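my_file-v7.cif (mmCIF, C-alpha atoms and all ligand atoms) appears below.
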```
data_protein
#
loop_
_atom_site.label_atom_id
_atom_site.label_comp_id
_atom_site.auth_asym_id
_atom_site.auth_seq_id
_atom_site.Cartn_x
_atom_site.Cartn_y
_atom_site.Cartn_z
CA MET H 21 -0.80 -9.46 56.77
CA SER H 22 0.86 -9.90 53.40
CA ALA H 23 4.19 -11.67 53.05
CA ASP H 24 6.96 -9.38 51.82
CA THR H 25 8.34 -11.20 48.82
CA SER H 26 10.41 -8.34 47.39
CA VAL H 27 14.04 -9.32 46.95
CA SER H 28 17.22 -7.35 46.57
CA GLU H 29 17.37 -5.77 43.11
CA LEU H 30 21.14 -5.62 43.25
CA SER H 31 23.10 -8.41 41.59
CA LYS H 32 26.20 -7.87 43.70
CA PRO H 33 27.05 -5.88 46.83
CA THR H 34 30.02 -3.52 46.96
CA ILE H 35 32.85 -4.93 49.03
CA SER H 36 34.92 -2.82 51.41
CA PHE H 37 37.55 -3.56 54.02
CA GLU H 38 38.41 -1.69 57.19
CA PHE H 39 42.01 -1.54 58.41
CA PHE H 40 43.62 0.18 61.38
CA PRO H 41 47.03 1.91 61.33
CA PRO H 42 49.56 -0.56 62.80
CA LYS H 43 51.66 0.42 65.82
CA ASP H 44 54.99 -1.11 64.78
CA GLU H 45 56.95 -2.61 61.90
CA GLN H 46 55.66 -6.12 62.47
CA GLY H 47 52.09 -4.82 62.44
CA GLU H 48 52.81 -2.95 59.26
CA SER H 49 54.17 -5.99 57.46
CA ASN H 50 51.12 -8.01 58.63
CA LEU H 51 48.87 -5.28 57.25
CA TRP H 52 50.51 -5.25 53.82
CA ALA H 53 50.36 -9.05 53.68
CA ALA H 54 46.62 -8.88 54.43
CA ILE H 55 46.11 -6.14 51.83
CA ALA H 56 47.96 -8.18 49.18
CA GLU H 57 45.56 -11.10 49.71
CA LEU H 58 42.38 -9.06 50.04
CA GLN H 59 43.13 -7.04 46.91
CA ASN H 60 42.32 -10.17 44.89
CA TYR H 61 38.68 -9.54 45.83
CA SER H 62 38.70 -6.16 44.03
CA PRO H 63 37.38 -4.01 46.89
CA ASP H 64 35.29 -0.99 45.94
CA PHE H 65 36.97 0.96 48.73
CA VAL H 66 38.86 0.51 51.96
CA SER H 67 38.58 2.56 55.11
CA ILE H 68 41.37 3.41 57.55
CA THR H 69 40.47 4.06 61.18
CA TYR H 70 41.51 7.08 63.23
CA GLY H 71 42.79 6.46 66.76
CA ALA H 72 40.78 7.50 69.77
CA GLY H 73 41.76 11.06 70.64
CA GLY H 74 43.53 11.53 67.31
CA GLY H 75 46.54 9.46 68.43
CA THR H 76 46.96 7.88 65.00
CA ARG H 77 46.46 10.93 62.81
CA ASP H 78 49.89 10.72 61.18
CA ARG H 79 49.75 6.94 60.85
CA THR H 80 46.24 7.07 59.35
CA VAL H 81 47.48 9.49 56.69
CA LYS H 82 50.73 7.56 56.07
CA ILE H 83 49.03 4.18 55.60
CA ALA H 84 46.24 5.63 53.50
CA SER H 85 48.62 7.55 51.22
CA GLU H 86 50.83 4.50 50.70
CA PHE H 87 47.75 2.42 50.03
CA ILE H 88 46.47 4.86 47.40
CA ALA H 89 49.89 4.99 45.69
CA LYS H 90 50.31 1.20 45.66
CA THR H 91 46.80 0.05 44.79
CA GLY H 92 44.72 2.88 43.39
CA VAL H 93 41.77 1.54 45.41
CA PRO H 94 39.64 4.41 46.83
CA VAL H 95 40.32 5.20 50.49
CA ILE H 96 37.91 6.57 53.06
CA GLY H 97 39.70 8.10 56.05
CA HIS H 98 37.92 7.95 59.40
CA LEU H 99 38.01 11.18 61.40
CA THR H 100 36.70 11.97 64.87
CA CYS H 101 35.95 15.22 66.70
CA VAL H 102 37.67 14.10 69.93
CA GLY H 103 40.18 16.62 71.26
CA SER H 104 40.38 18.73 68.07
CA THR H 105 39.28 22.26 67.30
CA ARG H 106 37.29 23.14 64.19
CA GLU H 107 40.46 24.60 62.64
CA GLU H 108 42.44 21.43 63.31
CA LEU H 109 39.68 19.28 61.82
CA LYS H 110 39.59 21.53 58.78
CA GLU H 111 43.35 21.13 58.37
CA ILE H 112 43.05 17.32 58.56
CA LEU H 113 40.21 17.28 56.01
CA LEU H 114 42.29 19.40 53.65
CA GLN H 115 45.19 16.99 54.16
CA TYR H 116 42.89 14.02 53.34
CA LYS H 117 41.87 15.81 50.17
CA ALA H 118 45.45 16.71 49.20
CA GLU H 119 46.59 13.10 49.74
CA GLY H 120 43.91 11.85 47.35
CA PHE H 121 41.46 10.28 49.81
CA SER H 122 38.09 9.62 48.19
CA GLY H 123 36.13 10.39 51.28
CA VAL H 124 35.84 10.75 55.02
CA LEU H 125 33.90 8.80 57.62
CA ALA H 126 32.79 11.68 59.84
CA LEU H 127 32.48 10.49 63.44
CA ARG H 128 32.11 12.09 66.84
CA GLY H 129 34.47 9.49 68.29
CA ASP H 130 34.24 7.86 71.66
CA PRO H 131 34.63 10.06 74.74
CA VAL H 132 38.11 9.95 76.30
CA GLY H 133 36.86 7.71 79.16
CA GLY H 134 35.31 5.15 76.76
CA PRO H 135 32.04 4.81 74.81
CA THR H 136 29.80 4.88 77.87
CA SER H 137 31.50 7.86 79.58
CA PRO H 138 30.05 11.36 79.32
CA TRP H 139 31.13 13.39 76.29
CA VAL H 140 33.83 16.00 77.03
CA SER H 141 33.71 19.13 74.83
CA THR H 142 36.88 20.57 73.31
CA PRO H 143 36.92 24.40 73.35
CA GLY H 144 36.57 25.54 69.73
CA GLY H 145 35.66 21.99 68.67
CA PHE H 146 32.50 20.08 67.79
CA ASP H 147 30.08 18.23 70.06
CA TYR H 148 28.28 16.21 67.39
CA ALA H 149 29.39 14.41 64.26
CA ASN H 150 26.91 16.32 62.08
CA GLN H 151 29.07 19.43 62.59
CA LEU H 152 31.98 17.52 61.05
CA VAL H 153 29.71 16.43 58.18
CA GLU H 154 28.85 20.09 57.63
CA LEU H 155 32.54 21.06 57.61
CA ALA H 156 33.49 18.27 55.18
CA ALA H 157 30.65 19.32 52.87
CA GLU H 158 31.84 22.93 53.02
CA ILE H 159 35.37 21.84 52.01
CA GLY H 160 33.98 19.69 49.19
CA ASP H 161 35.38 16.95 46.93
CA LEU H 162 35.29 14.24 49.62
CA SER H 163 32.43 11.77 49.72
CA ILE H 164 31.01 11.78 53.23
CA GLY H 165 30.06 8.73 55.26
CA VAL H 166 28.77 8.45 58.81
CA ALA H 167 28.31 5.78 61.48
CA ALA H 168 24.97 3.99 61.90
CA PHE H 169 23.83 1.86 64.80
CA PRO H 170 21.33 -0.97 64.17
CA ASP H 171 21.41 -1.60 67.93
CA VAL H 172 20.95 2.13 68.76
CA HIS H 173 23.85 4.51 69.51
CA PRO H 174 25.26 3.79 73.01
CA ALA H 175 24.66 7.45 74.02
CA SER H 176 21.05 7.56 72.76
CA ASN H 177 19.42 5.85 75.76
CA GLY H 178 17.63 3.42 73.48
CA ASN H 179 16.05 6.22 71.45
CA PHE H 180 16.03 4.71 67.95
CA VAL H 181 13.95 7.56 66.50
CA GLN H 182 16.57 10.08 67.66
CA ASP H 183 19.24 8.08 65.81
CA ILE H 184 17.13 8.10 62.64
CA ASN H 185 16.62 11.88 62.95
CA VAL H 186 20.39 12.33 63.32
CA LEU H 187 21.09 10.22 60.21
CA ILE H 188 18.52 12.18 58.19
CA GLU H 189 20.10 15.45 59.32
CA LYS H 190 23.57 14.20 58.31
CA GLU H 191 22.21 13.15 54.92
CA GLN H 192 20.68 16.59 54.41
CA GLN H 193 24.08 18.08 55.22
CA GLY H 194 25.87 16.00 52.60
CA ALA H 195 26.46 12.44 53.83
CA THR H 196 25.79 9.84 51.14
CA PHE H 197 26.55 6.59 52.94
CA ALA H 198 26.66 5.06 56.40
CA ILE H 199 28.70 2.16 57.74
CA THR H 200 27.12 0.31 60.61
CA GLN H 201 28.45 -1.02 63.85
CA PHE H 202 28.92 -4.78 63.48
CA VAL H 203 25.72 -6.65 62.68
CA PHE H 204 24.90 -10.04 64.17
CA ASP H 205 21.11 -9.74 63.90
CA SER H 206 19.99 -8.96 60.35
CA GLY H 207 16.50 -8.08 61.69
CA ARG H 208 18.01 -5.00 63.34
CA TYR H 209 19.67 -4.00 60.07
CA GLU H 210 16.27 -4.39 58.39
CA ALA H 211 14.60 -2.16 61.01
CA LEU H 212 17.21 0.56 60.45
CA ARG H 213 16.81 0.41 56.67
CA ASN H 214 13.02 0.42 56.87
CA ALA H 215 12.99 3.41 59.21
CA LEU H 216 15.28 5.36 56.84
CA ASP H 217 13.36 4.27 53.72
CA GLN H 218 10.13 5.48 55.32
CA ARG H 219 11.69 8.91 55.75
CA GLY H 220 12.70 8.99 52.07
CA SER H 221 16.41 8.57 52.81
CA LYS H 222 18.75 7.61 49.97
CA LEU H 223 21.72 6.87 52.23
CA ALA H 224 23.52 3.65 51.28
CA ILE H 225 23.77 1.61 54.48
CA TYR H 226 26.75 -0.73 54.49
CA PRO H 227 26.45 -3.27 57.28
CA GLY H 228 29.62 -3.88 59.30
CA ILE H 229 30.62 -7.54 59.17
CA MET H 230 32.80 -8.88 61.96
CA PRO H 231 34.29 -12.37 61.63
CA VAL H 232 34.60 -13.46 65.27
CA THR H 233 37.93 -15.17 65.99
CA SER H 234 38.23 -14.71 69.76
CA TYR H 235 35.54 -15.08 72.41
CA PRO H 236 36.95 -12.63 75.02
CA GLN H 237 37.59 -10.10 72.25
CA ILE H 238 34.03 -10.13 70.93
CA VAL H 239 32.54 -10.04 74.45
CA ARG H 240 34.64 -6.94 75.16
CA MET H 241 33.76 -5.32 71.83
CA LEU H 242 30.04 -5.89 72.40
CA GLU H 243 30.31 -4.43 75.90
CA LEU H 244 32.17 -1.36 74.66
CA SER H 245 30.04 -0.67 71.62
CA GLY H 246 26.64 -1.53 73.08
CA GLY H 247 26.27 -3.88 70.09
CA TYR H 248 23.81 -6.75 70.15
CA MET H 249 24.40 -10.43 69.50
CA PRO H 250 21.41 -12.80 69.76
CA LYS H 251 21.67 -14.95 72.89
CA ALA H 252 21.73 -18.22 70.92
CA THR H 253 24.66 -16.99 68.82
CA ARG H 254 26.51 -15.80 71.92
CA LEU H 255 26.01 -19.17 73.60
CA ARG H 256 27.28 -21.00 70.53
CA PHE H 257 30.46 -18.89 70.62
CA ALA H 258 30.77 -19.43 74.39
CA ARG H 259 30.71 -23.19 73.87
CA PHE H 260 33.85 -22.93 71.71
CA GLN H 261 35.76 -20.41 73.80
CA ASN H 262 38.54 -22.95 74.46
CA ASP H 263 38.49 -24.44 70.97
CA PRO H 264 39.98 -21.80 68.62
CA ALA H 265 39.54 -23.77 65.39
CA SER H 266 35.81 -24.45 66.00
CA LEU H 267 35.27 -20.87 67.19
CA LYS H 268 36.88 -19.46 64.04
CA LYS H 269 34.77 -21.73 61.84
CA LEU H 270 31.62 -20.67 63.68
CA GLY H 271 32.66 -17.00 63.31
CA ILE H 272 32.94 -17.47 59.54
CA ASP H 273 29.60 -19.33 59.33
CA VAL H 274 27.75 -16.71 61.40
CA ALA H 275 29.22 -13.79 59.40
CA THR H 276 28.49 -15.54 56.08
CA GLN H 277 24.85 -15.97 57.05
CA VAL H 278 24.58 -12.32 58.11
CA CYS H 279 26.06 -11.27 54.72
CA GLU H 280 23.52 -13.40 52.83
CA ASP H 281 20.62 -12.04 54.93
CA VAL H 282 21.50 -8.36 54.79
CA PHE H 283 22.15 -8.55 51.05
CA ALA H 284 18.73 -10.16 50.54
CA LEU H 285 17.32 -7.26 52.59
CA GLY H 286 18.82 -4.73 50.18
CA ALA H 287 22.25 -3.91 51.61
CA GLU H 288 24.18 -2.14 48.85
CA GLY H 289 27.52 -3.22 50.24
CA LEU H 290 29.31 -5.37 52.80
CA HIS H 291 31.94 -3.69 54.97
CA PHE H 292 34.38 -6.10 56.61
CA TYR H 293 36.10 -5.31 59.91
CA THR H 294 39.27 -7.18 58.94
CA LEU H 295 41.33 -6.40 62.08
CA ASN H 296 44.23 -6.31 59.58
CA THR H 297 43.95 -10.05 58.90
CA ALA H 298 42.88 -11.51 55.57
CA GLY H 299 42.03 -15.16 56.33
CA PRO H 300 38.52 -15.06 57.87
CA THR H 301 37.28 -12.34 55.49
CA MET H 302 38.56 -14.30 52.48
CA GLU H 303 36.81 -17.44 53.69
CA ILE H 304 33.52 -15.56 54.03
CA LEU H 305 33.87 -13.96 50.59
CA SER H 306 34.64 -17.31 48.99
CA GLN H 307 31.36 -18.70 50.34
CA LEU H 308 28.98 -15.88 49.43
CA SER H 309 26.41 -17.08 46.93
CA MET H 310 25.96 -13.66 45.27
CA LEU H 311 29.70 -13.48 44.53
CA THR H 312 30.30 -17.06 43.51
CA LYS H 313 27.16 -17.86 41.45
C1 LIG W 1 31.73 2.13 61.13
C2 LIG W 1 32.34 2.74 62.38
C3 LIG W 1 33.67 3.16 62.34
C4 LIG W 1 34.25 3.72 63.46
N1 LIG W 1 35.56 4.14 63.39
C5 LIG W 1 36.14 4.77 64.45
C6 LIG W 1 37.46 5.29 64.37
O1 LIG W 1 38.12 5.18 63.34
N2 LIG W 1 37.96 5.92 65.46
C7 LIG W 1 37.26 6.07 66.61
O2 LIG W 1 37.77 6.68 67.57
N3 LIG W 1 35.98 5.59 66.72
C8 LIG W 1 35.42 4.93 65.67
N4 LIG W 1 34.13 4.45 65.77
C9 LIG W 1 33.42 4.60 67.02
C10 LIG W 1 32.61 5.89 66.93
O3 LIG W 1 33.45 7.03 66.98
C11 LIG W 1 31.65 5.93 68.10
O4 LIG W 1 30.75 4.86 67.94
C12 LIG W 1 30.91 7.26 68.20
O5 LIG W 1 30.10 7.23 69.34
C13 LIG W 1 30.08 7.51 66.96
O6 LIG W 1 29.36 8.66 67.16
P1 LIG W 1 28.54 9.37 65.99
O7 LIG W 1 29.50 9.71 64.94
O8 LIG W 1 27.36 8.56 65.64
O9 LIG W 1 28.15 10.68 66.84
P2 LIG W 1 26.92 11.65 66.83
O10 LIG W 1 26.17 11.62 65.57
O11 LIG W 1 27.47 12.97 67.29
O12 LIG W 1 25.98 11.04 67.97
C14 LIG W 1 26.39 10.99 69.34
C15 LIG W 1 25.14 11.02 70.23
O13 LIG W 1 24.59 12.35 70.18
C16 LIG W 1 23.27 12.34 69.61
N5 LIG W 1 23.25 13.46 68.66
C17 LIG W 1 23.85 13.52 67.45
N6 LIG W 1 23.68 14.73 66.87
C18 LIG W 1 22.97 15.47 67.74
C19 LIG W 1 22.52 16.82 67.75
N7 LIG W 1 22.78 17.64 66.71
N8 LIG W 1 21.84 17.27 68.83
C20 LIG W 1 21.60 16.44 69.88
N9 LIG W 1 22.00 15.14 69.93
C21 LIG W 1 22.70 14.66 68.90
C22 LIG W 1 23.15 10.99 68.89
O14 LIG W 1 21.80 10.54 68.84
C23 LIG W 1 24.01 10.10 69.78
O15 LIG W 1 23.30 9.70 70.92
C24 LIG W 1 33.51 3.86 64.66
C25 LIG W 1 32.17 3.43 64.71
C26 LIG W 1 31.59 2.88 63.57
C27 LIG W 1 30.17 2.41 63.61
#
```
Show me the file's structure as structure tokens.
Amino acid sequence: MSADTSVSELSKPTISFEFFPPKDEQGESNLWAAIAELQNYSPDFVSITYGAGGGTRDRTVKIASEFIAKTGVPVIGHLTCVGSTREELKEILLQYKAEGFSGVLALRGDPVGGPTSPWVSTPGGFDYANQLVELAAEIGDLSIGVAAFPDVHPASNGNFVQDINVLIEKEQQGATFAITQFVFDSGRYEALRNALDQRGSKLAIYPGIMPVTSYPQIVRMLELSGGYMPKATRLRFARFQNDPASLKKLGIDVATQVCEDVFALGAEGLHFYTLNTAGPTMEILSQLSMLTK
């Protein structure tokens, strides 16, 4: 067995931030405060989520359009197939294009009953995200990203090869990048990359970085997403569940280490799930060796 001594050839990863459309005025002012601080890190792009079932369509477009006008930073709008017909999805993609979005993150979306419930088809709609990729490619002028799952898609019954086949198909249809579910085990990111590299894929795979700030919240998110956190890491978080300051510090340390590891493994970018808060993400960015040295 030979040791793999190849190192990342990139000098710096791209940096991107994910925001969700706020529900009320207070949420909106928190979001703009977070954006003002995070802008100092010159993001390469931001992405704006799309509510389950399309509930935030108007807010996604409003926040994204304001963001583009105020900052000029490229915006990727998330879009899901849940509850929409092909014609409605086409209309939304055309709206994204007209509003100056740089791209779309083409997702199936979680079924109405939650990520582990059976998928419910919409008459005249799509059953798989690759159909949305195909539609976005047909419309043109939007860069197309997709979701990737280092811990296997929750609906794939552990079939990692199926997930790789799906990503390859989406790439062939026009996707150029993937953003992953949050990564806590860089070995799983490495396995995903290796499997895609072996198939000749050129997809950029941006690992999702989640700074943990609440124990019940991360337990719930892991349950819902089928994401994996190594047992030792989970136990370390559990130890601090009633000590918010120590838990937040641990969340920053764990995420910083994941960033260092995935970058060394060739990650072209780091995508931060900010939860519309700047503090933890800024602390991680200020510690990253490839950004500070
Ligand atoms: C980075 C990221 C951002 C997200 N943002 C949002 C958001 O803004 N709003 C929101 O509601 N949700 C969001 N989600 C959640 C996301 O919608 C769910 O995780 C959803 O399940 C993702 O599905 P997909 O796009 O991979 O679907 P698909 O690619 O359709 O896959 C679904 C299942 O079907 C299988 N499959 C796929 N294509 C085929 C085919 N052609 N034939 C047979 N089987 C197939 C796959 O293997 C998988 O098991 C996000 C997730 C991530 C990782």
- prompt: How many Å separate CA of Asn262 in chain H from CA of Val274 in chain H?
  reply: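 Result for CA of Asn262 in chain H versus CA of Val274 in chain H: 18.1 Å, one decimal.
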task: Could you jot down the CA of Ile184 in chain H to CA of Leu127 in chain H separation for me, Å, one decimal place?
output: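 Interatomic distance here is 15.6 Å.
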Proximity of chain H to ligand LIG 1 (chain W): per-residue shortest pair, 6 Å limit, all atoms listed in the file, as JSON lines:
```
{"residue": "H:Thr69", "atom": "CA", "partner": "W:LIG1", "partner_atom": "O1", "distance": 3.4}
{"residue": "H:Tyr70", "atom": "CA", "partner": "W:LIG1", "partner_atom": "O1", "distance": 3.9}
{"residue": "H:Gly71", "atom": "CA", "partner": "W:LIG1", "partner_atom": "N2", "distance": 5.0}
{"residue": "H:Ala72", "atom": "CA", "partner": "W:LIG1", "partner_atom": "O2", "distance": 3.8}
{"residue": "H:His98", "atom": "CA", "partner": "W:LIG1", "partner_atom": "O1", "distance": 4.8}
{"residue": "H:Leu127", "atom": "CA", "partner": "W:LIG1", "partner_atom": "O7", "distance": 3.4}
{"residue": "H:Arg128", "atom": "CA", "partner": "W:LIG1", "partner_atom": "O7", "distance": 4.0}
{"residue": "H:Gly129", "atom": "CA", "partner": "W:LIG1", "partner_atom": "O3", "distance": 3.0}
{"residue": "H:Asp130", "atom": "CA", "partner": "W:LIG1", "partner_atom": "O5", "distance": 4.8}
{"residue": "H:Tyr148", "atom": "CA", "partner": "W:LIG1", "partner_atom": "O11", "distance": 3.3}
{"residue": "H:Ala149", "atom": "CA", "partner": "W:LIG1", "partner_atom": "O11", "distance": 3.9}
{"residue": "H:Asn150", "atom": "CA", "partner": "W:LIG1", "partner_atom": "O10", "distance": 5.9}
{"residue": "H:Ala167", "atom": "CA", "partner": "W:LIG1", "partner_atom": "C27", "distance": 4.4}
{"residue": "H:Ala168", "atom": "CA", "partner": "W:LIG1", "partner_atom": "C27", "distance": 5.7}
{"residue": "H:His173", "atom": "CA", "partner": "W:LIG1", "partner_atom": "O15", "distance": 5.4}
{"residue": "H:Ala175", "atom": "CA", "partner": "W:LIG1", "partner_atom": "O15", "distance": 4.1}
{"residue": "H:Ser176", "atom": "CA", "partner": "W:LIG1", "partner_atom": "O15", "distance": 3.6}
{"residue": "H:Gln182", "atom": "CA", "partner": "W:LIG1", "partner_atom": "O14", "distance": 5.4}
{"residue": "H:Asp183", "atom": "CA", "partner": "W:LIG1", "partner_atom": "O14", "distance": 4.7}
{"residue": "H:Val186", "atom": "CA", "partner": "W:LIG1", "partner_atom": "N6", "distance": 5.4}
{"residue": "H:Ile199", "atom": "CA", "partner": "W:LIG1", "partner_atom": "C1", "distance": 4.5}
{"residue": "H:Thr200", "atom": "CA", "partner": "W:LIG1", "partner_atom": "C27", "distance": 4.8}
{"residue": "H:Gln201", "atom": "CA", "partner": "W:LIG1", "partner_atom": "C27", "distance": 3.8}
```
message: Report, in Å to a single decimal, how far apart CA of Thr233 in chain H and CA of Gly271 in chain H are.
response: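 Straight-line distance from CA of Gly271 in chain H to CA of Thr233 in chain H works out to 6.2 Å.
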message: Give me, as a VMD selection string, all polymer residues having an atom no more than 12 Å from Gln307 in chain H, counting only C-alpha atoms and skipping those fewer than 2 positions away in the same chain.
response: chain H and resid 272 to 277 279 to 280 300 to 305 309 to 313
- prompt: If we count only C-alpha atoms, what is near Gln59 in chain H at a cut-off of 12 Å, once residues fewer than 3 positions away on the same chain are taken out, given as a ChimeraX atom specification?
  reply: /H:35-37,51-56,62-66,87,90-94,298,301-302
- prompt: Residues at most 7 Å from range 219-226 of chain H, counting all atoms listed in the file, excluding those fewer than 6 positions away in the same chain, as number ranges by chain?
  reply: H: 188, 191, 196-200, 287-291
- prompt: Hey, which of H:Pro250, H:Pro135, H:Pro227, H:Gly47 ends up closest to Pro170 in chain H? Count all atoms listed in the file.
  reply: H:Pro227
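Closest approach to Tyr248 in chain H among H:Val181, H:Asp171, H:Gly299, H:Leu270 is made by H:Asp171 (distances from only C-alpha atoms).
With all atoms listed in the file taken into account, every residue lying no more than 12 Å from the file point (50.3, 13.3, 50.2) is included here: H:Asp78, H:Thr80, H:Val81, H:Lys82, H:Ile83, H:Ala84, H:Ser85, H:Glu86, H:Phe87, H:Ile88, H:Ala89, H:Ile112, H:Leu114, H:Gln115, H:Tyr116, H:Lys117, H:Ala118, H:Glu119, H:Gly120, H:Phe121.
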message: Excluding Ser141 in chain H and its own-chain neighbours fewer than 5 positions away, which residues fall within 12 Å of it when counting only C-alpha atoms? Please give them as a ChimeraX atom specification.
response: /H:101-106,128-132,146-148
- request: With a distance cut-off of 9 Å and only C-alpha atoms, select the neighbouring residues of Pro174 in chain H, excluding the residue or stretch itself and same-chain residues fewer than 4 positions from it, and output the selection as a PyMOL selection string.
  value: chain H and resi 135-136+169+178+244-247
- request: Go through H:Ala284, H:Asp217, H:Glu108, H:Ser306 one by one, measure the shortest atom-to-atom distance of each to Thr142 in chain H using all atoms listed in the file, and give the residue with the smallest value.
  value: H:Glu108
Could you rebuild range 285-299 of chain H with N, CA and C atoms and give it back as a tab-separated table (two decimals), in the coordinates of the input?
```tsv
chain	number	residue	atom	x	y	z
H	285	LEU	N	18.14	-8.36	52.08
H	285	LEU	CA	17.32	-7.26	52.59
H	285	LEU	C	17.65	-5.92	51.91
H	286	GLY	N	18.57	-5.95	50.95
H	286	GLY	CA	18.82	-4.73	50.18
H	286	GLY	C	20.11	-4.00	50.49
H	287	ALA	N	20.98	-4.60	51.30
H	287	ALA	CA	22.25	-3.91	51.61
H	287	ALA	C	23.05	-3.71	50.32
H	288	GLU	N	23.45	-2.47	50.09
H	288	GLU	CA	24.18	-2.14	48.85
H	288	GLU	C	25.61	-2.63	48.91
H	289	GLY	N	26.12	-2.83	50.12
H	289	GLY	CA	27.52	-3.22	50.24
H	289	GLY	C	27.75	-3.99	51.53
H	290	LEU	N	28.90	-4.65	51.59
H	290	LEU	CA	29.31	-5.37	52.80
H	290	LEU	C	30.64	-4.78	53.23
H	291	HIS	N	30.71	-4.33	54.47
H	291	HIS	CA	31.94	-3.69	54.97
H	291	HIS	C	32.57	-4.61	56.02
H	292	PHE	N	33.76	-5.11	55.73
H	292	PHE	CA	34.38	-6.10	56.61
H	292	PHE	C	35.36	-5.45	57.58
H	293	TYR	N	35.13	-5.71	58.88
H	293	TYR	CA	36.10	-5.31	59.91
H	293	TYR	C	37.19	-6.38	59.88
H	294	THR	N	38.28	-6.12	59.15
H	294	THR	CA	39.27	-7.18	58.94
H	294	THR	C	40.20	-7.38	60.14
H	295	LEU	N	40.33	-6.38	61.00
H	295	LEU	CA	41.33	-6.40	62.08
H	295	LEU	C	42.72	-6.68	61.50
H	296	ASN	N	42.93	-6.20	60.29
H	296	ASN	CA	44.23	-6.31	59.58
H	296	ASN	C	44.66	-7.75	59.30
H	297	THR	N	43.67	-8.65	59.20
H	297	THR	CA	43.95	-10.05	58.90
H	297	THR	C	43.07	-10.46	57.73
H	298	ALA	N	43.65	-11.19	56.77
H	298	ALA	CA	42.88	-11.51	55.57
H	298	ALA	C	42.05	-12.80	55.69
H	299	GLY	N	42.59	-13.80	56.38
H	299	GLY	CA	42.03	-15.16	56.33
H	299	GLY	C	40.51	-15.27	56.49
```
